[in-house]
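Undergrad: Handing you a structure now.
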Amino acid sequence: MLRIYDARSDESVVAAPARRALTRVEAHAPGSGTTDLRVLLVADVLARALEIGGTPVWAVLAGGEQVAELRAGATALGIRPFEDRRDVGPEFAGAQLIHVVRRGDEATGGIRIDVAPADSGEAVGVPGDVDPATLRLALLARPRSEPVHLTPAALTDTGSTLAHWRRSVAVWAVQPSRPVPEGVRQELRAAWEDDLNLPAVLDVLRRVETLDGLPDGARFETYAYADRILGIELTREIGSLT
């Protein structure tokens with residue numbers, strides 16, 4: 001069961017108390033910079049986690065004057081399309097409402113998830129010479145409560161990690177498929193259901209990569225399963241190796 005920290009009540013709450021009841025995830029991003037993209041990314045991951053658990057999600061964007069630039073950056077990062085708040089009515093009666101906001105911003109009603117600043121040194125959120133999936137992974141690798149400084153060195157290291165994992169997944173993919181070990185599946189679910197702890201998800205993947213006795217087919221399925229929430233295209237290099 002997914003639990004998240006509600007900045008409004010200062011306590012951990014169940015994200016979807018009524019199973020399979022509609023949950024409205026509303027991202028508040030008044031600008032188009034990296035912090036605004038991080039807000040959308042957290043909302044995207046939240047929606048993914050809810051849907052994996054069987055909860056239908058209504059994703060809404062409360063944007064500002066730079067919404068076109070923000071949407072372009074979000075698309076590059078593989079973030080789901082969000083409906084424009086100006087085009088939708090009030091939430092359905094009885095629906096859960098979760099606001100995802102920049103730290104220090106306010107939102108009325110519902111649960112509030114605060115997101116710390118992210119700085120890429122760019123006016124718009126995605127540096128032009130960086131694979132957007134690398135930027136996505138760099139943002140996911142830190143708890144959302146901590147600021148992120150996306151230095152060139154940090155992005156280079158993250159890009160190397162992503163490239164290595166994609167190559168490994170491509171190699172494992174040619175082996176007979178094996179199911180994700182149940183213990184590993186439970187670890188992954190426990191990590192992201194604990195306040196969207198994506199760094200812990202990444203730690204599980206690092207361990208699975210070198211876990212003794214685990215068939216490569218199971219490594220492949222584990223990485224593909226985790227990518228349902230990470231969204232960093234870990235299977236992109238399949239078929240590219242000769």
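Following the order of the structure tokens, chains are lettered A, B, ..., residues in each are numbered from 1, and ligands are numbered from 1.
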A:Arg85: which residues within 12 Å, counting only C-alpha atoms, same-chain residues fewer than 4 positions away excluded, as a PyMOL selection string?

TA: chain A and resi 24-29+58-64+67+89-91

Undergrad: Write down as a compact mmCIF listing (two decimals) with N, CA and C atoms, in the first residue's frame the residues of stretch 178-227 of chain A whose backbone DSSP state falls under helix (DSSP H, G or I).

TA:
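Just written: selection10.txt:
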```
# COMPACT_ATOMS: atom_id res chain seq x y z
N GLU A 182 10.46 -13.31 -6.31
CA GLU A 182 9.41 -12.69 -5.51
C GLU A 182 9.99 -11.79 -4.43
N GLY A 183 11.09 -12.19 -3.83
CA GLY A 183 11.69 -11.35 -2.81
C GLY A 183 12.16 -10.02 -3.37
N VAL A 184 12.71 -10.04 -4.58
CA VAL A 184 13.15 -8.81 -5.23
C VAL A 184 11.96 -7.94 -5.60
N ARG A 185 10.91 -8.57 -6.11
CA ARG A 185 9.70 -7.81 -6.45
C ARG A 185 9.15 -7.09 -5.21
N GLN A 186 9.13 -7.82 -4.09
CA GLN A 186 8.62 -7.22 -2.87
C GLN A 186 9.51 -6.07 -2.40
N GLU A 187 10.83 -6.21 -2.57
CA GLU A 187 11.74 -5.12 -2.20
C GLU A 187 11.48 -3.88 -3.04
N LEU A 188 11.30 -4.07 -4.33
CA LEU A 188 11.04 -2.93 -5.21
C LEU A 188 9.73 -2.25 -4.83
N ARG A 189 8.68 -3.04 -4.63
CA ARG A 189 7.39 -2.45 -4.28
C ARG A 189 7.46 -1.75 -2.93
N ALA A 190 8.14 -2.39 -1.96
CA ALA A 190 8.26 -1.78 -0.63
C ALA A 190 9.00 -0.45 -0.71
N ALA A 191 9.97 -0.34 -1.62
CA ALA A 191 10.74 0.90 -1.76
C ALA A 191 9.85 2.01 -2.31
N TRP A 192 9.20 1.78 -3.45
CA TRP A 192 8.44 2.90 -4.02
C TRP A 192 7.13 3.15 -3.29
N LEU A 198 12.57 6.36 -4.55
CA LEU A 198 13.22 5.90 -5.78
C LEU A 198 14.71 5.61 -5.60
N PRO A 199 15.46 6.35 -4.74
CA PRO A 199 16.85 5.95 -4.51
C PRO A 199 16.96 4.50 -4.01
N ALA A 200 16.00 4.06 -3.19
CA ALA A 200 16.02 2.68 -2.72
C ALA A 200 15.75 1.70 -3.86
N VAL A 201 14.88 2.08 -4.80
CA VAL A 201 14.64 1.25 -5.98
C VAL A 201 15.93 1.07 -6.76
N LEU A 202 16.66 2.16 -6.94
CA LEU A 202 17.93 2.09 -7.67
C LEU A 202 18.95 1.23 -6.93
N ASP A 203 18.93 1.28 -5.61
CA ASP A 203 19.83 0.43 -4.82
C ASP A 203 19.53 -1.05 -5.06
N VAL A 204 18.25 -1.40 -5.17
CA VAL A 204 17.88 -2.79 -5.45
C VAL A 204 18.43 -3.21 -6.81
N LEU A 205 18.32 -2.35 -7.81
CA LEU A 205 18.84 -2.68 -9.14
C LEU A 205 20.35 -2.88 -9.11
N ARG A 206 21.05 -2.04 -8.38
CA ARG A 206 22.51 -2.19 -8.29
C ARG A 206 22.86 -3.55 -7.68
N ARG A 207 22.11 -3.97 -6.69
CA ARG A 207 22.39 -5.27 -6.06
C ARG A 207 22.03 -6.42 -6.97
N VAL A 208 20.91 -6.31 -7.68
CA VAL A 208 20.47 -7.38 -8.57
C VAL A 208 21.47 -7.59 -9.70
N GLU A 209 22.12 -6.52 -10.13
CA GLU A 209 23.06 -6.63 -11.25
C GLU A 209 24.15 -7.66 -10.99
N ASP A 216 20.42 -14.49 -15.83
CA ASP A 216 20.37 -13.21 -16.53
C ASP A 216 18.96 -12.88 -17.00
N GLY A 217 18.18 -13.90 -17.32
CA GLY A 217 16.79 -13.65 -17.72
C GLY A 217 15.98 -13.02 -16.61
N ALA A 218 16.30 -13.37 -15.36
CA ALA A 218 15.62 -12.76 -14.21
C ALA A 218 16.11 -11.34 -13.97
N ARG A 219 17.39 -11.10 -14.23
CA ARG A 219 17.90 -9.74 -14.13
C ARG A 219 17.17 -8.84 -15.14
N PHE A 220 17.03 -9.35 -16.36
CA PHE A 220 16.33 -8.57 -17.39
C PHE A 220 14.91 -8.23 -16.94
N GLU A 221 14.16 -9.22 -16.49
CA GLU A 221 12.77 -8.98 -16.10
C GLU A 221 12.69 -8.04 -14.90
N THR A 222 13.67 -8.11 -14.00
CA THR A 222 13.68 -7.21 -12.85
C THR A 222 13.86 -5.77 -13.29
N TYR A 223 14.81 -5.54 -14.19
CA TYR A 223 15.05 -4.18 -14.66
C TYR A 223 13.86 -3.66 -15.47
N ALA A 224 13.26 -4.52 -16.28
CA ALA A 224 12.09 -4.10 -17.05
C ALA A 224 10.92 -3.77 -16.13
N TYR A 225 10.77 -4.55 -15.06
CA TYR A 225 9.69 -4.30 -14.10
C TYR A 225 9.91 -2.97 -13.38
N ALA A 226 11.12 -2.73 -12.91
CA ALA A 226 11.42 -1.48 -12.20
C ALA A 226 11.25 -0.27 -13.12
N ASP A 227 11.49 -0.47 -14.41
CA ASP A 227 11.38 0.66 -15.34
C ASP A 227 9.93 1.10 -15.55
```

Undergrad: Near stretch 10-22 of chain A, within 8 Å and counting only C-alpha atoms, which residues show up once chain neighbours fewer than 3 positions away are dropped, as a PyMOL selection string?

TA: chain A and resi 1-7+50+54-58+95-96+98

Undergrad: I'd like to know which of A:Val180, A:Val115, A:Ala68, A:Ala173 is closest to A:Gly31, using only C-alpha atoms.

TA: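 Nearest candidate to A:Gly31 out of A:Val180, A:Val115, A:Ala68, A:Ala173: A:Ala68.
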
Undergrad: Taking the backbone alone, and naming residues the way the document does, which bits of stretch 11-184 of chain A are strand (DSSP E or B) by DSSP, as a PyMOL selection string?

TA: chain A and resi 11-14+23-29+57-63+83-84+96-102+111-115+118-119+148-149

Undergrad: So which residues touch stretch 37-45 of chain A within 10 Å, counting only C-alpha atoms, skipping near sequence neighbours fewer than 5 positions away, as a PyMOL selection string?

TA: chain A and resi 25-29+31-32+50-51+59-61+70-71+73-74+77-82+98-103+113-119+124-126+135-136+139-140+144+148+192+196+198+228-231

Undergrad: Residues as selected, C-alpha atoms, written as a tab-separated table (two decimals), in the first residue's frame, can you do that?

TA:
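Printed below is part05.tsv as written:
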```tsv
chain	number	residue	atom	x	y	z
A	25	VAL	CA	-2.88	14.10	-8.96
A	26	GLU	CA	-2.49	17.85	-9.51
A	27	ALA	CA	0.98	19.18	-10.33
A	28	HIS	CA	1.59	22.88	-9.63
A	29	ALA	CA	4.37	24.19	-11.86
A	31	GLY	CA	7.40	28.14	-14.47
A	32	SER	CA	9.33	25.98	-16.94
A	50	LEU	CA	-0.78	4.35	-8.03
A	51	GLU	CA	-1.63	2.69	-11.34
A	59	ALA	CA	-3.36	13.78	-13.87
A	60	VAL	CA	-3.86	17.56	-13.97
A	61	LEU	CA	-1.39	20.40	-14.52
A	70	LEU	CA	7.07	23.19	-19.62
A	71	ARG	CA	5.13	20.61	-21.63
A	73	GLY	CA	10.45	19.67	-21.41
A	74	ALA	CA	8.11	17.17	-19.78
A	77	LEU	CA	11.67	13.56	-19.98
A	78	GLY	CA	9.04	10.91	-20.74
A	79	ILE	CA	6.50	12.48	-18.39
A	80	ARG	CA	2.88	11.57	-19.09
A	81	PRO	CA	0.58	14.21	-20.58
A	82	PHE	CA	-1.29	16.17	-17.92
A	98	ILE	CA	-3.02	15.01	-4.07
A	99	HIS	CA	-1.19	18.26	-4.84
A	100	VAL	CA	2.46	18.14	-5.92
A	101	VAL	CA	4.07	21.55	-5.39
A	102	ARG	CA	7.42	23.30	-5.21
A	103	ARG	CA	8.65	23.49	-1.64
A	113	ILE	CA	3.67	16.72	-1.57
A	114	ASP	CA	6.56	19.20	-1.41
A	115	VAL	CA	9.40	19.01	-3.94
A	116	ALA	CA	12.79	20.59	-3.26
A	117	PRO	CA	14.53	22.79	-5.85
A	118	ALA	CA	16.58	21.44	-8.73
A	119	ASP	CA	19.19	23.51	-10.53
A	124	VAL	CA	14.64	25.92	-19.43
A	125	GLY	CA	14.76	22.62	-17.64
A	126	VAL	CA	16.49	20.22	-20.08
A	135	LEU	CA	18.34	14.05	-16.52
A	136	ARG	CA	15.31	12.03	-15.42
A	139	LEU	CA	16.43	13.73	-10.59
A	140	LEU	CA	15.08	10.37	-9.43
A	144	ARG	CA	12.50	14.72	-3.49
A	148	VAL	CA	19.49	18.64	-6.61
A	192	TRP	CA	8.44	2.90	-4.02
A	196	LEU	CA	8.15	7.06	-3.44
A	198	LEU	CA	13.22	5.90	-5.78
A	228	ARG	CA	7.58	0.73	-15.17
A	229	ILE	CA	8.04	3.30	-12.43
A	230	LEU	CA	11.47	4.72	-13.31
A	231	GLY	CA	10.62	5.41	-16.96
```

Undergrad: Skip A:His164 itself and residues of its chain fewer than 4 positions away, then list as a list in words all residues within 12 Å of it, counting only C-alpha atoms.

TA: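 Within the cut-off, the hits are Thr134, Asp157, Thr158, Gly159, Ser160, Ser168, Val169, Ala170, Val171, Arg206, Glu209, Leu234, Thr235, Arg236 and Glu237 of chain A.
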
Undergrad: In Å, rounded to a single decimal, give me how far atom CA of A:Thr34 is from atom CA of A:Gly104.

TA: 15.9 Å

Undergrad: Expressed in Å to a single decimal, how great is the separation between atom CA of A:Pro30 and atom CA of A:Glu106?

TA: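 Those two atoms sit 11.9 Å apart.
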